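Colleague: What follows is work-v4.cif, made up of mmCIF, N, CA and C atoms:
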```cif
data_my_file
loop_
_atom_site.label_atom_id
_atom_site.label_comp_id
_atom_site.auth_asym_id
_atom_site.auth_seq_id
_atom_site.Cartn_x
_atom_site.Cartn_y
_atom_site.Cartn_z
N MET D 1 -10.64 172.39 53.34
CA MET D 1 -11.37 173.21 54.29
C MET D 1 -12.31 172.30 55.07
N GLY D 2 -12.32 172.50 56.37
CA GLY D 2 -13.16 171.68 57.22
C GLY D 2 -14.64 171.90 56.94
N ASN D 3 -15.40 170.84 57.13
CA ASN D 3 -16.83 170.89 56.86
C ASN D 3 -17.52 171.94 57.74
N TRP D 4 -17.08 172.07 58.97
CA TRP D 4 -17.69 173.05 59.87
C TRP D 4 -17.43 174.47 59.39
N LEU D 5 -16.24 174.68 58.79
CA LEU D 5 -15.90 176.01 58.28
C LEU D 5 -16.76 176.35 57.05
N VAL D 6 -16.98 175.37 56.21
CA VAL D 6 -17.84 175.57 55.03
C VAL D 6 -19.26 175.90 55.48
N GLU D 7 -19.74 175.17 56.47
CA GLU D 7 -21.08 175.42 56.98
C GLU D 7 -21.19 176.82 57.60
N ARG D 8 -20.15 177.22 58.29
CA ARG D 8 -20.15 178.55 58.90
C ARG D 8 -20.19 179.64 57.82
N ARG D 9 -19.36 179.47 56.81
CA ARG D 9 -19.35 180.46 55.73
C ARG D 9 -20.67 180.46 54.96
N LEU D 10 -21.24 179.29 54.78
CA LEU D 10 -22.55 179.21 54.12
C LEU D 10 -23.60 179.96 54.92
N SER D 11 -23.53 179.81 56.22
CA SER D 11 -24.48 180.50 57.09
C SER D 11 -24.30 182.01 56.98
N GLN D 12 -23.06 182.47 56.94
CA GLN D 12 -22.79 183.90 56.81
C GLN D 12 -23.29 184.43 55.47
N VAL D 13 -23.04 183.68 54.40
CA VAL D 13 -23.48 184.09 53.07
C VAL D 13 -25.00 184.12 53.01
N ALA D 14 -25.64 183.13 53.57
CA ALA D 14 -27.10 183.08 53.56
C ALA D 14 -27.70 184.25 54.33
N SER D 15 -27.08 184.58 55.44
CA SER D 15 -27.57 185.72 56.23
C SER D 15 -27.42 187.02 55.45
N ARG D 16 -26.29 187.21 54.81
CA ARG D 16 -26.05 188.43 54.02
C ARG D 16 -27.00 188.49 52.82
N LEU D 17 -27.24 187.34 52.19
CA LEU D 17 -28.17 187.29 51.06
C LEU D 17 -29.57 187.69 51.49
N LYS D 18 -29.98 187.20 52.63
CA LYS D 18 -31.31 187.54 53.14
C LYS D 18 -31.43 189.04 53.36
N SER D 19 -30.40 189.61 53.96
CA SER D 19 -30.38 191.05 54.22
C SER D 19 -30.41 191.86 52.92
N LEU D 20 -29.60 191.46 51.96
CA LEU D 20 -29.55 192.18 50.69
C LEU D 20 -30.85 192.05 49.90
N ARG D 21 -31.46 190.89 49.95
CA ARG D 21 -32.73 190.72 49.24
C ARG D 21 -33.83 191.59 49.85
N SER D 22 -33.79 191.70 51.16
CA SER D 22 -34.74 192.58 51.84
C SER D 22 -34.49 194.04 51.44
N GLU D 23 -33.22 194.43 51.41
CA GLU D 23 -32.87 195.78 50.99
C GLU D 23 -33.30 196.04 49.55
N LEU D 24 -33.12 195.06 48.69
CA LEU D 24 -33.51 195.21 47.29
C LEU D 24 -35.02 195.40 47.15
N ALA D 25 -35.78 194.70 47.96
CA ALA D 25 -37.24 194.87 47.92
C ALA D 25 -37.64 196.28 48.32
N VAL D 26 -36.98 196.82 49.34
CA VAL D 26 -37.26 198.19 49.77
C VAL D 26 -36.87 199.18 48.68
N ILE D 27 -35.72 198.97 48.07
CA ILE D 27 -35.26 199.86 46.99
C ILE D 27 -36.25 199.84 45.83
N ASP D 28 -36.71 198.65 45.46
CA ASP D 28 -37.68 198.56 44.36
C ASP D 28 -38.95 199.34 44.66
N GLU D 29 -39.41 199.23 45.90
CA GLU D 29 -40.62 199.95 46.30
C GLU D 29 -40.38 201.46 46.25
N GLN D 30 -39.22 201.88 46.73
CA GLN D 30 -38.89 203.30 46.71
C GLN D 30 -38.74 203.82 45.29
N LEU D 31 -38.18 203.00 44.42
CA LEU D 31 -38.01 203.41 43.02
C LEU D 31 -39.35 203.68 42.35
N VAL D 32 -40.33 202.88 42.66
CA VAL D 32 -41.66 203.08 42.08
C VAL D 32 -42.19 204.46 42.48
N HIS D 33 -42.09 204.76 43.74
CA HIS D 33 -42.61 206.04 44.24
C HIS D 33 -41.79 207.22 43.72
N LEU D 34 -40.48 207.09 43.76
CA LEU D 34 -39.63 208.18 43.28
C LEU D 34 -39.80 208.38 41.78
N GLY D 35 -39.96 207.29 41.05
CA GLY D 35 -40.19 207.38 39.60
C GLY D 35 -41.48 208.11 39.29
N ASP D 36 -42.53 207.79 40.02
CA ASP D 36 -43.81 208.48 39.84
C ASP D 36 -43.68 209.96 40.15
N ASP D 37 -42.96 210.26 41.24
CA ASP D 37 -42.76 211.65 41.61
C ASP D 37 -41.95 212.40 40.55
N ALA D 38 -40.92 211.76 40.03
CA ALA D 38 -40.10 212.39 38.99
C ALA D 38 -40.93 212.65 37.73
N ASP D 39 -41.79 211.71 37.39
CA ASP D 39 -42.67 211.90 36.22
C ASP D 39 -43.62 213.08 36.45
N ASP D 40 -44.19 213.15 37.64
CA ASP D 40 -45.09 214.27 37.97
C ASP D 40 -44.35 215.60 37.91
N GLN D 41 -43.13 215.63 38.45
CA GLN D 41 -42.35 216.85 38.42
C GLN D 41 -42.00 217.26 36.98
N ALA D 42 -41.72 216.29 36.14
CA ALA D 42 -41.40 216.60 34.74
C ALA D 42 -42.62 217.20 34.03
N ILE D 43 -43.78 216.66 34.30
CA ILE D 43 -45.01 217.20 33.70
C ILE D 43 -45.28 218.62 34.21
N ARG D 44 -45.09 218.82 35.51
CA ARG D 44 -45.28 220.17 36.06
C ARG D 44 -44.30 221.17 35.44
N ALA D 45 -43.08 220.72 35.21
CA ALA D 45 -42.07 221.61 34.62
C ALA D 45 -42.45 221.99 33.19
N LEU D 46 -43.02 221.04 32.46
CA LEU D 46 -43.45 221.34 31.09
C LEU D 46 -44.62 222.31 31.07
N VAL D 47 -45.53 222.11 31.98
CA VAL D 47 -46.73 222.95 32.02
C VAL D 47 -46.41 224.36 32.52
N SER D 48 -45.63 224.45 33.59
CA SER D 48 -45.39 225.76 34.19
C SER D 48 -44.29 226.55 33.48
N GLU D 49 -43.35 225.86 32.88
CA GLU D 49 -42.25 226.49 32.14
C GLU D 49 -41.47 227.49 33.00
N THR D 50 -41.29 227.16 34.28
CA THR D 50 -40.50 228.03 35.15
C THR D 50 -39.18 227.34 35.48
N ALA D 51 -38.21 228.15 35.85
CA ALA D 51 -36.90 227.61 36.18
C ALA D 51 -36.94 226.73 37.43
N SER D 52 -37.72 227.16 38.40
CA SER D 52 -37.78 226.37 39.64
C SER D 52 -38.43 225.01 39.41
N ALA D 53 -39.43 224.97 38.57
CA ALA D 53 -40.08 223.68 38.27
C ALA D 53 -39.13 222.77 37.51
N SER D 54 -38.35 223.35 36.61
CA SER D 54 -37.37 222.56 35.87
C SER D 54 -36.30 222.01 36.81
N TYR D 55 -35.86 222.85 37.75
CA TYR D 55 -34.87 222.41 38.73
C TYR D 55 -35.42 221.26 39.57
N GLU D 56 -36.64 221.38 40.03
CA GLU D 56 -37.26 220.32 40.84
C GLU D 56 -37.39 219.03 40.05
N ALA D 57 -37.71 219.14 38.77
CA ALA D 57 -37.84 217.94 37.93
C ALA D 57 -36.48 217.26 37.76
N ARG D 58 -35.45 218.06 37.51
CA ARG D 58 -34.10 217.48 37.37
C ARG D 58 -33.63 216.86 38.68
N ASP D 59 -33.92 217.53 39.77
CA ASP D 59 -33.53 217.02 41.09
C ASP D 59 -34.23 215.69 41.39
N ALA D 60 -35.51 215.61 41.09
CA ALA D 60 -36.25 214.35 41.30
C ALA D 60 -35.68 213.24 40.44
N GLN D 61 -35.31 213.56 39.21
CA GLN D 61 -34.75 212.53 38.33
C GLN D 61 -33.36 212.09 38.82
N ARG D 62 -32.59 213.02 39.37
CA ARG D 62 -31.28 212.64 39.92
C ARG D 62 -31.44 211.66 41.07
N HIS D 63 -32.46 211.86 41.89
CA HIS D 63 -32.72 210.91 42.98
C HIS D 63 -33.04 209.52 42.43
N VAL D 64 -33.84 209.48 41.39
CA VAL D 64 -34.17 208.20 40.77
C VAL D 64 -32.91 207.55 40.20
N ASP D 65 -32.08 208.34 39.55
CA ASP D 65 -30.86 207.80 38.95
C ASP D 65 -29.90 207.26 40.01
N ARG D 66 -29.75 207.98 41.11
CA ARG D 66 -28.87 207.52 42.19
C ARG D 66 -29.39 206.24 42.83
N LEU D 67 -30.67 206.19 43.05
CA LEU D 67 -31.24 204.99 43.65
C LEU D 67 -31.14 203.80 42.69
N SER D 68 -31.29 204.06 41.41
CA SER D 68 -31.14 203.00 40.41
C SER D 68 -29.71 202.46 40.41
N GLY D 69 -28.74 203.36 40.56
CA GLY D 69 -27.35 202.94 40.64
C GLY D 69 -27.09 202.09 41.88
N HIS D 70 -27.67 202.50 42.99
CA HIS D 70 -27.53 201.73 44.23
C HIS D 70 -28.18 200.36 44.08
N ARG D 71 -29.32 200.33 43.42
CA ARG D 71 -30.01 199.07 43.19
C ARG D 71 -29.15 198.12 42.37
N ALA D 72 -28.49 198.66 41.35
CA ALA D 72 -27.61 197.84 40.51
C ALA D 72 -26.46 197.25 41.32
N LYS D 73 -25.89 198.05 42.22
CA LYS D 73 -24.80 197.55 43.06
C LYS D 73 -25.27 196.45 44.00
N VAL D 74 -26.44 196.62 44.57
CA VAL D 74 -26.99 195.60 45.47
C VAL D 74 -27.27 194.31 44.68
N ALA D 75 -27.82 194.45 43.49
CA ALA D 75 -28.10 193.28 42.66
C ALA D 75 -26.81 192.56 42.27
N GLU D 76 -25.76 193.31 41.98
CA GLU D 76 -24.46 192.69 41.67
C GLU D 76 -23.90 191.94 42.87
N GLU D 77 -24.04 192.53 44.04
CA GLU D 77 -23.55 191.87 45.25
C GLU D 77 -24.34 190.59 45.53
N ILE D 78 -25.63 190.63 45.28
CA ILE D 78 -26.45 189.42 45.45
C ILE D 78 -25.97 188.33 44.50
N ALA D 79 -25.73 188.69 43.25
CA ALA D 79 -25.27 187.71 42.26
C ALA D 79 -23.92 187.11 42.68
N ALA D 80 -23.01 187.95 43.17
CA ALA D 80 -21.71 187.46 43.61
C ALA D 80 -21.85 186.53 44.81
N LEU D 81 -22.72 186.88 45.74
CA LEU D 81 -22.92 186.02 46.91
C LEU D 81 -23.59 184.70 46.54
N GLU D 82 -24.49 184.73 45.58
CA GLU D 82 -25.12 183.49 45.13
C GLU D 82 -24.08 182.57 44.48
N GLU D 83 -23.16 183.17 43.73
CA GLU D 83 -22.08 182.39 43.12
C GLU D 83 -21.18 181.80 44.22
N ARG D 84 -20.87 182.60 45.23
CA ARG D 84 -20.05 182.12 46.35
C ARG D 84 -20.76 181.00 47.10
N GLN D 85 -22.07 181.15 47.26
CA GLN D 85 -22.86 180.12 47.93
C GLN D 85 -22.79 178.81 47.14
N ASP D 86 -22.90 178.90 45.84
CA ASP D 86 -22.82 177.70 45.00
C ASP D 86 -21.45 177.03 45.13
N GLU D 87 -20.39 177.84 45.18
CA GLU D 87 -19.04 177.29 45.35
C GLU D 87 -18.92 176.56 46.68
N LEU D 88 -19.45 177.16 47.72
CA LEU D 88 -19.39 176.52 49.05
C LEU D 88 -20.21 175.24 49.10
N LEU D 89 -21.35 175.25 48.45
CA LEU D 89 -22.17 174.04 48.41
C LEU D 89 -21.47 172.92 47.64
N ASP D 90 -20.73 173.29 46.60
CA ASP D 90 -19.98 172.29 45.83
C ASP D 90 -18.88 171.67 46.69
N ARG D 91 -18.33 172.42 47.62
CA ARG D 91 -17.26 171.91 48.49
C ARG D 91 -17.78 170.89 49.50
N MET D 92 -19.06 171.01 49.82
CA MET D 92 -19.63 170.11 50.83
C MET D 92 -19.77 168.74 50.28
#
```
Just dump the structure as structure tokens.

Modeller:
Amino acid sequence: MGNWLVERRLSQVASRLKSLRSELAVIDEQLVHLGDDADDQAIRALVSETASASYEARDAQRHVDRLSGHRAKVAEEIAALEERQDELLDRM
């Protein structure tokens, strides 16, 4: 593989890594807030003992779970891109 092609691919990987790391930081911040909200909703559900409060607590927790799953996928993609970056650097 030509050196220019390796450099081009490295540039693409680095750009994608930067974007994903930024996205991961936003997700982490959102998880903190959503987690706090889910905890508050769970406490309200325990105190009020109403069906609607229980539904809201479960719904808030589902949001946290979905975002956690998305975070895991982004983290996996970052790890794969870092491995690809290492392979490209070894080729240089």

Colleague: Give me the result of the PyMOL selection byres (((chain D and resi 1-6 and name CA) around 7) and name CA) on this file, residue by residue, as a list in words.

Modeller: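 When the PyMOL selection byres (((chain D and resi 1-6 and name CA) around 7) and name CA) is applied, the selected residues are Glu7, Arg8, Arg9, Leu10, Leu88 and Met92 of chain D.
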
Colleague: When you draw a straight line from atom C of Ile27 in chain D to CA of His63 in chain D, how long is it in Å?

Modeller: 12.0 Å

Colleague: At what distance in Å, to one decimal, does CA of Asp28 in chain D lie from CA of Arg62 in chain D?

Modeller: 16.1 Å

Colleague: To one decimal in Å, tell me the separation between CA of Val32 in chain D and CA of His70 in chain D.

Modeller: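 So the two atoms, CA of Val32 in chain D and CA of His70 in chain D, lie 14.4 Å apart.
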
Colleague: Tell me, as an MDAnalysis selection string, which residues lie within 8 Å of Glu23 in chain D, counting all atoms listed in the file; anything in the same chain fewer than 5 positions away does not count.

Modeller: chainID D and resid 17:18 28:29 71 74

Colleague: Can you tell me, as JSON, numbers by chain, which residues sit within 5 Å of (-39.6, 221.1, 35.2) in the file's frame, using only N, CA and C atoms?

Modeller: {"D": [41, 42, 44, 45, 46, 53, 54, 55, 57]}

Colleague: Which polymer residues, protein or nucleic acid, are no farther than 10 Å from (-38.9, 210.5, 32.6), counting only C-alpha atoms, as an MDAnalysis selection string?

Modeller: chainID D and resid 35:43 57:58 60:61 64

Colleague: Please write the residues from the selection above to a file, keeping N, CA and C atoms, as a short mmCIF file (atom, residue, chain, number, x, y, z; two decimals), keeping the file's coordinate frame.

Modeller:
```cif
data_model
loop_
_atom_site.label_atom_id
_atom_site.label_comp_id
_atom_site.auth_asym_id
_atom_site.auth_seq_id
_atom_site.Cartn_x
_atom_site.Cartn_y
_atom_site.Cartn_z
N GLY D 35 -39.96 207.29 41.05
CA GLY D 35 -40.19 207.38 39.60
C GLY D 35 -41.48 208.11 39.29
N ASP D 36 -42.53 207.79 40.02
CA ASP D 36 -43.81 208.48 39.84
C ASP D 36 -43.68 209.96 40.15
N ASP D 37 -42.96 210.26 41.24
CA ASP D 37 -42.76 211.65 41.61
C ASP D 37 -41.95 212.40 40.55
N ALA D 38 -40.92 211.76 40.03
CA ALA D 38 -40.10 212.39 38.99
C ALA D 38 -40.93 212.65 37.73
N ASP D 39 -41.79 211.71 37.39
CA ASP D 39 -42.67 211.90 36.22
C ASP D 39 -43.62 213.08 36.45
N ASP D 40 -44.19 213.15 37.64
CA ASP D 40 -45.09 214.27 37.97
C ASP D 40 -44.35 215.60 37.91
N GLN D 41 -43.13 215.63 38.45
CA GLN D 41 -42.35 216.85 38.42
C GLN D 41 -42.00 217.26 36.98
N ALA D 42 -41.72 216.29 36.14
CA ALA D 42 -41.40 216.60 34.74
C ALA D 42 -42.62 217.20 34.03
N ILE D 43 -43.78 216.66 34.30
CA ILE D 43 -45.01 217.20 33.70
C ILE D 43 -45.28 218.62 34.21
N ALA D 57 -37.71 219.14 38.77
CA ALA D 57 -37.84 217.94 37.93
C ALA D 57 -36.48 217.26 37.76
N ARG D 58 -35.45 218.06 37.51
CA ARG D 58 -34.10 217.48 37.37
C ARG D 58 -33.63 216.86 38.68
N ALA D 60 -35.51 215.61 41.09
CA ALA D 60 -36.25 214.35 41.30
C ALA D 60 -35.68 213.24 40.44
N GLN D 61 -35.31 213.56 39.21
CA GLN D 61 -34.75 212.53 38.33
C GLN D 61 -33.36 212.09 38.82
N VAL D 64 -33.84 209.48 41.39
CA VAL D 64 -34.17 208.20 40.77
C VAL D 64 -32.91 207.55 40.20
#
```

Colleague: Counting only C-alpha atoms, figure out which residue out of D:Asp90, D:Glu56, D:Glu77, D:Asp65 gets nearest to Leu20 in chain D.

Modeller: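 Checking each of D:Asp90, D:Glu56, D:Glu77, D:Asp65 against Leu20 in chain D, counting only C-alpha atoms, the winner is D:Glu77.
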
Colleague: Taking all atoms of range 68-71 of chain D that the file lists and extending 8 Å past them on each side, where is the centre of the axis-aligned box and how long are its edges? Answer in Å to one decimal, as AutoDock Vina command-line options.

Modeller:
```
--center_x -29.2 --center_y 201.1 --center_z 42.3 --size_x 20.2 --size_y 21.9 --size_z 19.8
```
